[in-house]
Each structure stands twice: as structure tokens, then as C-alpha cells.
>>> print(open('protein_39.txt').read())   # compact mmCIF, C-alpha atoms
# COMPACT_ATOMS: atom_id res chain seq x y z
CA MET A 6 10.87 38.92 -13.38
CA ALA A 7 7.73 40.71 -12.41
CA LEU A 8 7.26 38.32 -9.56
CA PHE A 9 10.27 39.76 -7.80
CA GLY A 10 9.17 43.29 -8.50
CA VAL A 11 6.27 42.84 -6.23
CA PRO A 12 7.05 44.57 -2.96
CA PHE A 13 8.10 42.15 -0.36
CA ILE A 14 5.48 41.46 2.18
CA LEU A 15 7.09 42.08 5.46
CA ILE A 16 6.01 39.21 7.48
CA GLY A 17 8.66 39.89 10.05
CA LEU A 18 8.30 36.51 11.52
CA LEU A 19 10.12 35.87 14.68
CA LEU A 20 10.75 32.21 14.35
CA ILE A 21 11.15 30.87 17.80
CA THR A 22 10.62 27.27 18.62
CA GLY A 23 9.64 27.65 22.22
CA ALA A 24 10.41 28.71 25.70
CA LEU A 25 13.46 26.50 25.95
CA TRP A 26 15.04 27.84 22.87
CA ARG A 27 14.16 31.36 23.91
CA SER A 28 15.96 30.95 27.17
CA VAL A 29 18.99 29.05 25.96
CA ALA A 30 19.69 29.53 22.30
CA GLY A 31 18.45 33.10 22.51
CA VAL A 32 21.34 33.96 24.75
CA LYS A 33 23.66 33.88 21.77
CA ILE A 34 21.47 34.23 18.70
CA MET A 35 18.78 36.79 18.08
CA PRO A 36 15.42 35.46 16.90
CA PRO A 37 15.70 34.93 13.14
CA VAL A 38 13.72 37.16 10.84
CA VAL A 39 12.32 35.65 7.67
CA SER A 40 10.30 37.38 4.99
CA VAL A 41 8.93 35.98 1.76
CA SER A 42 7.82 37.64 -1.44
CA ASN A 43 4.46 35.89 -1.28
CA PRO A 44 3.26 33.79 1.67
CA ASN A 45 0.29 32.55 -0.41
CA PRO A 46 1.95 31.29 -3.60
CA MET A 47 0.37 29.12 -6.25
CA VAL A 48 1.60 25.67 -7.14
CA GLY A 49 4.55 26.17 -9.51
CA GLU A 50 5.27 29.69 -8.27
CA THR A 51 8.74 30.87 -7.33
CA ILE A 52 9.11 32.85 -4.14
CA ARG A 53 12.04 34.78 -2.76
CA VAL A 54 12.96 34.11 0.84
CA GLN A 55 15.00 36.62 2.80
CA TRP A 56 16.47 35.69 6.13
CA GLU A 57 18.52 37.39 8.80
CA LEU A 58 20.32 36.10 11.86
CA GLY A 59 21.87 38.32 14.51
CA PHE A 60 24.44 37.26 17.08
CA ARG A 61 24.60 38.56 20.62
CA THR A 62 27.90 36.83 21.31
CA GLY A 63 30.55 35.15 19.25
CA VAL A 64 29.44 31.75 17.94
CA THR A 65 30.69 29.17 15.51
CA LEU A 66 28.12 28.01 12.97
CA GLN A 67 28.86 24.45 11.96
CA ASP A 68 26.00 24.00 9.58
CA GLY A 69 22.98 25.90 8.45
CA ARG A 70 20.22 25.59 5.90
CA VAL A 71 17.06 27.20 4.67
CA GLU A 72 14.74 24.51 3.38
CA LEU A 73 11.51 24.28 1.46
CA LEU A 74 9.70 21.17 2.59
CA PHE A 75 6.37 19.44 2.17
CA ARG A 76 4.89 17.68 5.18
CA GLU A 77 2.00 15.26 5.47
CA SER A 78 0.46 15.00 8.93
CA ALA A 79 -2.04 12.32 9.81
CA SER A 80 -3.67 12.20 13.24
CA TYR A 81 -5.45 9.16 14.55
CA THR A 82 -6.78 7.65 17.72
CA GLN A 83 -5.25 4.46 18.99
CA GLY A 84 -6.93 3.25 22.13
CA THR A 85 -6.97 6.25 24.41
CA ASP A 86 -3.99 7.87 22.69
CA HIS A 87 -4.21 10.50 20.01
CA ARG A 88 -1.20 10.26 17.73
CA THR A 89 0.11 12.19 14.77
CA ASP A 90 2.47 10.74 12.17
CA THR A 91 4.32 12.95 9.75
CA HIS A 92 6.16 12.42 6.52
CA GLU A 93 8.44 15.12 5.12
CA GLU A 94 10.10 15.69 1.82
CA ILE A 95 12.67 18.45 1.43
CA GLU A 96 12.08 19.89 -2.01
CA GLU A 97 14.88 22.45 -2.05
CA PHE A 98 17.47 23.85 0.31
CA ASN A 99 20.11 26.51 0.46
CA GLU A 100 23.21 26.33 2.62
CA LEU A 101 23.92 29.20 4.98
CA PRO A 102 27.43 30.54 5.45
CA ILE A 103 29.26 28.81 8.26
CA GLY A 104 32.20 29.70 10.46
CA GLU A 105 32.84 32.09 13.31
CA MET A 106 30.39 34.92 13.79
CA GLU A 107 31.33 38.01 15.72
CA PRO A 108 29.12 39.57 18.38
CA GLY A 109 26.77 42.13 16.89
CA LYS A 110 27.22 40.73 13.41
CA ASN A 111 24.19 40.08 11.24
CA LEU A 112 24.10 37.24 8.78
CA GLN A 113 21.59 37.72 6.01
CA GLY A 114 20.79 36.46 2.58
CA HIS A 115 18.11 35.36 0.23
CA THR A 116 17.22 32.41 -1.89
CA ASP A 117 14.56 31.53 -4.43
CA PHE A 118 12.40 28.46 -3.99
CA THR A 119 9.84 27.06 -6.40
CA ILE A 120 6.78 25.14 -5.32
CA PRO A 121 6.98 22.16 -7.71
CA ALA A 122 4.64 22.56 -10.66
CA THR A 123 3.42 19.01 -10.19
CA GLY A 124 3.01 19.49 -6.45
CA MET A 125 0.00 19.74 -4.20
CA HIS A 126 -1.50 22.80 -2.57
CA SER A 127 -1.82 23.25 1.19
CA PHE A 128 -4.64 21.32 2.79
CA LYS A 129 -5.94 21.44 6.34
CA ALA A 130 -8.63 19.23 7.77
CA GLU A 131 -9.24 18.08 11.30
CA ASN A 132 -7.13 14.92 11.09
CA ASN A 133 -5.10 15.33 7.92
CA GLN A 134 -2.88 18.16 6.77
CA LEU A 135 -0.63 18.86 3.83
CA ALA A 136 1.72 21.73 4.55
CA TRP A 137 4.44 23.65 2.75
CA LEU A 138 7.05 25.03 5.12
CA LEU A 139 10.17 27.11 5.16
CA ARG A 140 12.53 25.72 7.75
CA LEU A 141 15.63 27.44 9.07
CA ARG A 142 18.16 25.16 10.73
CA VAL A 143 21.37 26.33 12.33
CA ASN A 144 23.86 24.07 14.06
CA VAL A 145 25.87 26.04 16.60
CA MET A 146 29.02 24.58 18.11
CA GLU A 147 28.59 23.68 21.77
CA TRP A 148 25.17 25.24 21.94
CA PRO A 149 21.57 24.18 21.32
CA ASP A 150 20.70 24.13 17.65
CA LEU A 151 18.27 26.59 16.21
CA GLU A 152 15.42 25.21 14.12
CA ASP A 153 12.21 26.92 13.22
CA GLU A 154 9.54 26.95 10.58
CA PHE A 155 7.24 29.26 8.74
CA GLU A 156 4.22 27.83 6.98
CA LEU A 157 3.26 28.88 3.47
CA ASP A 158 -0.35 28.74 2.36
CA VAL A 159 0.00 27.32 -1.15
CA GLN A 160 -3.11 28.00 -3.18
CA PRO A 161 -4.95 25.43 -5.31
CA GLN A 162 -3.98 27.13 -8.53
CA ARG A 163 -1.19 26.47 -10.99
CA ALA A 164 1.25 29.22 -11.86
CA TRP A 165 2.18 28.87 -15.48
CA GLY A 166 5.41 30.35 -16.75
CA SER A 167 6.62 31.58 -13.40
CA MET B 17 -27.72 -8.57 -0.28
CA SER B 18 -28.67 -4.95 -0.78
CA PRO B 19 -32.34 -4.37 -1.58
CA ALA B 20 -31.32 -2.15 -4.49
CA SER B 21 -28.54 -2.02 -7.05
CA PHE B 22 -26.90 1.18 -8.24
CA GLN B 23 -25.13 2.04 -11.45
CA ILE B 24 -23.54 5.48 -11.27
CA GLU B 25 -22.21 6.87 -14.51
CA ILE B 26 -20.11 10.02 -14.72
CA ARG B 27 -20.06 11.49 -18.21
CA GLU B 28 -17.29 13.39 -19.95
CA GLY B 29 -14.07 14.10 -18.13
CA GLU B 30 -10.75 12.68 -19.28
CA GLN B 31 -9.92 9.07 -18.71
CA GLU B 32 -7.09 8.70 -16.20
CA GLY B 33 -6.51 5.05 -15.45
CA GLU B 34 -9.76 3.58 -14.23
CA LEU B 35 -11.16 6.97 -13.27
CA VAL B 36 -12.17 10.09 -15.10
CA ARG B 37 -10.49 13.38 -14.36
CA PHE B 38 -12.07 16.80 -14.15
CA ARG B 39 -10.41 20.15 -13.76
CA PRO B 40 -11.33 22.50 -10.93
CA GLY B 41 -14.29 24.63 -11.88
CA GLU B 42 -15.56 22.25 -14.54
CA ARG B 43 -19.06 20.84 -14.61
CA LEU B 44 -19.55 17.20 -13.74
CA GLN B 45 -22.64 15.49 -15.10
CA GLY B 46 -23.86 11.98 -14.79
CA SER B 47 -26.71 9.70 -14.01
CA VAL B 48 -27.62 6.87 -11.72
CA ARG B 49 -29.73 3.85 -12.42
CA ILE B 50 -31.35 2.33 -9.36
CA THR B 51 -33.02 -1.05 -9.49
CA PRO B 52 -34.87 -1.97 -6.30
CA ASP B 53 -35.27 -5.62 -5.42
CA GLU B 54 -38.20 -4.75 -3.20
CA ASP B 55 -40.56 -1.83 -2.85
CA LEU B 56 -38.78 1.04 -1.12
CA GLN B 57 -40.39 4.15 0.27
CA ALA B 58 -37.64 6.70 -0.28
CA ARG B 59 -37.78 9.76 1.89
CA HIS B 60 -35.10 11.11 -0.44
CA VAL B 61 -32.74 9.96 -3.12
CA PHE B 62 -29.67 12.14 -2.82
CA ALA B 63 -26.72 12.68 -5.10
CA ARG B 64 -23.83 14.27 -3.26
CA LEU B 65 -20.54 15.69 -4.42
CA ARG B 66 -18.03 14.96 -1.71
CA TRP B 67 -14.45 14.21 -0.79
CA HIS B 68 -12.93 12.18 1.98
CA THR B 69 -9.47 11.26 3.17
CA GLU B 70 -7.96 7.82 3.38
CA GLY B 71 -4.68 6.71 4.86
CA ARG B 72 -3.01 6.78 8.26
CA GLY B 73 -5.13 9.48 9.82
CA ASP B 74 -8.72 9.39 10.95
CA ARG B 75 -11.13 10.16 8.17
CA ASP B 76 -11.99 13.70 7.19
CA GLU B 77 -14.83 14.35 4.78
CA ALA B 78 -16.96 17.09 3.39
CA VAL B 79 -20.10 17.28 1.29
CA ILE B 80 -19.65 20.07 -1.23
CA ALA B 81 -23.01 19.91 -2.98
CA GLU B 82 -26.19 17.90 -2.83
CA GLU B 83 -29.11 17.26 -5.16
CA ASP B 84 -32.39 15.82 -3.93
CA LEU B 85 -33.24 13.60 -6.90
CA TYR B 86 -36.48 11.99 -5.83
CA GLN B 87 -38.94 11.43 -3.00
CA GLY B 88 -41.47 8.62 -3.14
CA MET B 89 -41.95 4.96 -3.89
CA LEU B 90 -39.37 2.90 -5.77
CA ARG B 91 -41.02 -0.22 -7.14
CA ALA B 92 -39.36 -3.61 -7.01
CA GLY B 93 -37.82 -4.63 -10.31
CA THR B 94 -38.44 -1.27 -11.95
CA PRO B 95 -35.25 0.57 -12.79
CA VAL B 96 -35.32 4.32 -12.40
CA TYR B 97 -32.86 6.84 -13.77
CA TYR B 98 -31.87 10.18 -12.34
CA SER B 99 -29.37 12.67 -13.63
CA PHE B 100 -27.20 14.99 -11.59
CA ARG B 101 -24.98 17.92 -12.33
CA PHE B 102 -22.38 19.63 -10.17
CA THR B 103 -19.93 22.46 -10.60
CA LEU B 104 -16.60 21.40 -9.18
CA PRO B 105 -14.76 23.62 -6.70
CA ASN B 106 -11.13 24.73 -6.90
CA GLY B 107 -10.03 22.18 -4.34
CA PRO B 108 -8.89 20.20 -2.61
CA TRP B 109 -7.27 18.40 -5.52
CA SER B 110 -7.20 14.63 -5.54
CA TYR B 111 -4.06 13.46 -3.83
CA ALA B 112 -2.21 10.22 -3.20
CA GLY B 113 0.60 10.56 -0.70
CA HIS B 114 2.52 8.73 1.97
CA TYR B 115 0.02 9.02 4.81
CA VAL B 116 -2.75 11.06 3.25
CA ASN B 117 -5.01 10.44 0.27
CA ILE B 118 -7.82 12.69 -0.88
CA ILE B 119 -10.61 10.95 -2.77
CA TRP B 120 -13.40 12.69 -4.66
CA GLU B 121 -16.65 10.89 -5.39
CA VAL B 122 -20.28 11.17 -6.32
CA ASP B 123 -22.30 9.49 -3.60
CA VAL B 124 -25.87 8.38 -4.28
CA SER B 125 -28.02 7.35 -1.35
CA ILE B 126 -31.59 6.32 -0.68
CA ASP B 127 -32.81 7.73 2.60
CA LEU B 128 -35.19 5.20 4.14
CA ALA B 129 -37.33 5.57 7.22
CA LEU B 130 -36.24 3.37 10.13
CA ALA B 131 -33.55 1.68 8.08
CA ARG B 132 -29.96 2.19 7.11
CA ASP B 133 -29.52 4.29 3.99
CA LEU B 134 -28.68 2.44 0.81
CA ARG B 135 -25.77 3.98 -1.05
CA ASP B 136 -23.08 3.67 -3.65
CA GLN B 137 -20.22 5.86 -4.77
CA GLN B 138 -18.37 6.58 -7.96
CA PRO B 139 -14.91 8.11 -7.45
CA PHE B 140 -13.27 10.53 -9.87
CA VAL B 141 -10.16 12.67 -10.00
CA LEU B 142 -10.16 16.43 -9.44
CA ALA B 143 -6.90 17.89 -10.68
CA PRO B 144 -5.73 20.69 -12.92
CA ASP B 145 -3.62 20.20 -16.05
>>> encode(input="protein_39.txt", output="C-alpha cells")
Amino acid sequence: MALFGVPFILIGLLLITGALWRSVAGVKIMPPVVSVSNPNPMVGETIRVQWELGFRTGVTLQDGRVELLFRESASYTQGTDHRTDTHEEIEEFNELPIGEMEPGKNLQGHTDFTIPATGMHSFKAENNQLAWLLRLRVNVMEWPDLEDEFELDVQPQRAWGS
Amino acid sequence: MSPASFQIEIREGEQEGELVRFRPGERLQGSVRITPDEDLQARHVFARLRWHTEGRGDRDEAVIAEEDLYQGMLRAGTPVYYSFRFTLPNGPWSYAGHYVNIIWEVDVSIDLALARDLRDQQPFVLAPD
């Protein structure tokens, strides 16, 4: 389809959850690289997600997924506390290969996800957000898990026939 | 007891439950009938196109467009009618979720000097096919 003919936008996202992960998980796994065919899709549009994981040392992957999820975030003040509650729905996911990975090996693949045609677009206000996310989760034996996210900016338009 | 009653009518649109639905980019037209129970010196009578959130989070809101319908005296017992017309934006779409709801409405208010504004709202749905 023409959609996939569009040159991939190299987002080259280094999905790193934070300093802790950088210092611990990063010892064995290189920062994942994720690129998507369109980071600003319309509602109903299908996007192609490419991902790549590199391994500095030998590891055993017990479980891994790439997920498309929709998250509601609501922030509110309760007394002197400022709290945020979230609700997530995983719309689609794709399992990653598991097993033993050799040092220097790269694990890569792609999957197609569709923003549901009856879904909502992204929305950001001060206290309330609706977000579409790609989440990469890898469960490594005897090592901190890797989990990181990339946010899509889904446009308030419907894609018909995609 | 409010010193004025409002009847906001939104014309056209497609009936969706108790509300009418409009598509993004469409024109919304309507009218308001205001019947004061006492003489009111209105600094302004505004019609506003706006959305707000409801749900778990603190309220977010935005006024997208505003029409100044009238400035002057509203006489007790004399109904007055004003029409309004707005072009709807692309979003945000109306939404009903787990923690977040997005509500669109036409808000009509009478801006009074040294008194709380009098107001009423008529919600509607903004969503594409």
C-alpha cells in the first residue's frame, strides 16, 4: 500500500527509561531504536513500527512485546498532594523473539499497528491527557527489565480506507 | 431563583441520544431566548463556543469562539431572542472515557455589573462520521 511506500521517518528514538536503567540494564542491552512510518497518524491509519535491540553481552530474553496502547491521564489536587491517575488499554501487540541472545547480536523486526477507526485522537491539556503510545517491553532473565515508550501524536482526522 | 431564564436551542445537527452531533468544521447555528424576571442592565450578553473536561482530573476548559450578542437593558417579563453562529474546529472531539470526558457546549451568559454572571449551557457532540 502507498502508506508503506512513504519513506520511513527516521525518528531514531533512543528509548531509555532513566538513569537507573541506563546504568544497569544498559550494561547488557543497547538502547533500543524504534522508528515509525508516521509519528503523526490519523485515527484509523495503519503505521509500520520498526525496532532494533542490540546486546552487549549474552542475555536470555524471557518475554518481549511491542505494544500499541491508549492511555488516559487525569491529574488532580487532593489536599496538598498533586496526583495523577492513569488508565491504559492495549489495543494491539506483537511478541518479540525470545531465547538466548549472543553478544553483539542485533534483534530487529517490524510490525503494523492500526489506530482504531472508532478511536480518539491525542489530546493534551493541563490536567487531562489522552495519549497513544508505542511501548517496548523486554523481560531479561536475572536482569532488570527493559520498558520504554514512544508517544504518537494522533491527529483529529479519520483515515478512510487505510 | 435566577433572575432570568434561558432557553438555548441548537439547530440542525444529527440527533445522537439526547444531544445533537456536529462534524468537525461544520457550522453550528442556534438561538437563545432570555426572559428576565427583573430589569437587568447587561454589560454584555455573550454566546460562547467552548469545551471542558469532566472526570477524575481537575477541569480543563477552553473558549473557542465568542459572540457579543447584546449590550443594554433587559426588561422584566419581556423575552428577547438572539441568534448565534459558530464554525466548529477540528477538535478535540467529544469523548467519554474511563477518567476523562470532553464535553462541548454553547454557553450563554449575561455579564452584570457588581453581580455574578447569569448563564446557561447547551451541550452537543463534536465527532466525525
>>> atom_distance(input="protein_39.txt", atom1="atom CA of Pro95 of chain B", atom2="atom CA of Leu130 of chain B")
23.1 Å
>>> residues_around(input="protein_39.txt", residues="segment 107-117 of chain A", least_positions_apart="6", cutoff="12 Å", atoms="only C-alpha atoms", output="ChimeraX atom specification")
/A:8-9,32-43,50-66,69-73,97-101,139,143,167
>>> interface_residues(input="protein_39.txt", of="chain B", to="chain A", cutoff="7 Å", atoms="all atoms listed in the file", output="PyMOL selection string")
chain B and resi 72-76+106-108+114-116
>>> closest_residue(input="protein_39.txt", among="B:Ala81, B:Ala63, B:Leu142, B:Ala129", to="Val36 of chain B", atoms="all atoms listed in the file")
B:Leu142
>>> closest_residue(input="protein_39.txt", among="B:His60, B:Arg39, B:Val48, B:Thr69", to="Gln137 of chain B", atoms="all atoms listed in the file")
B:Val48
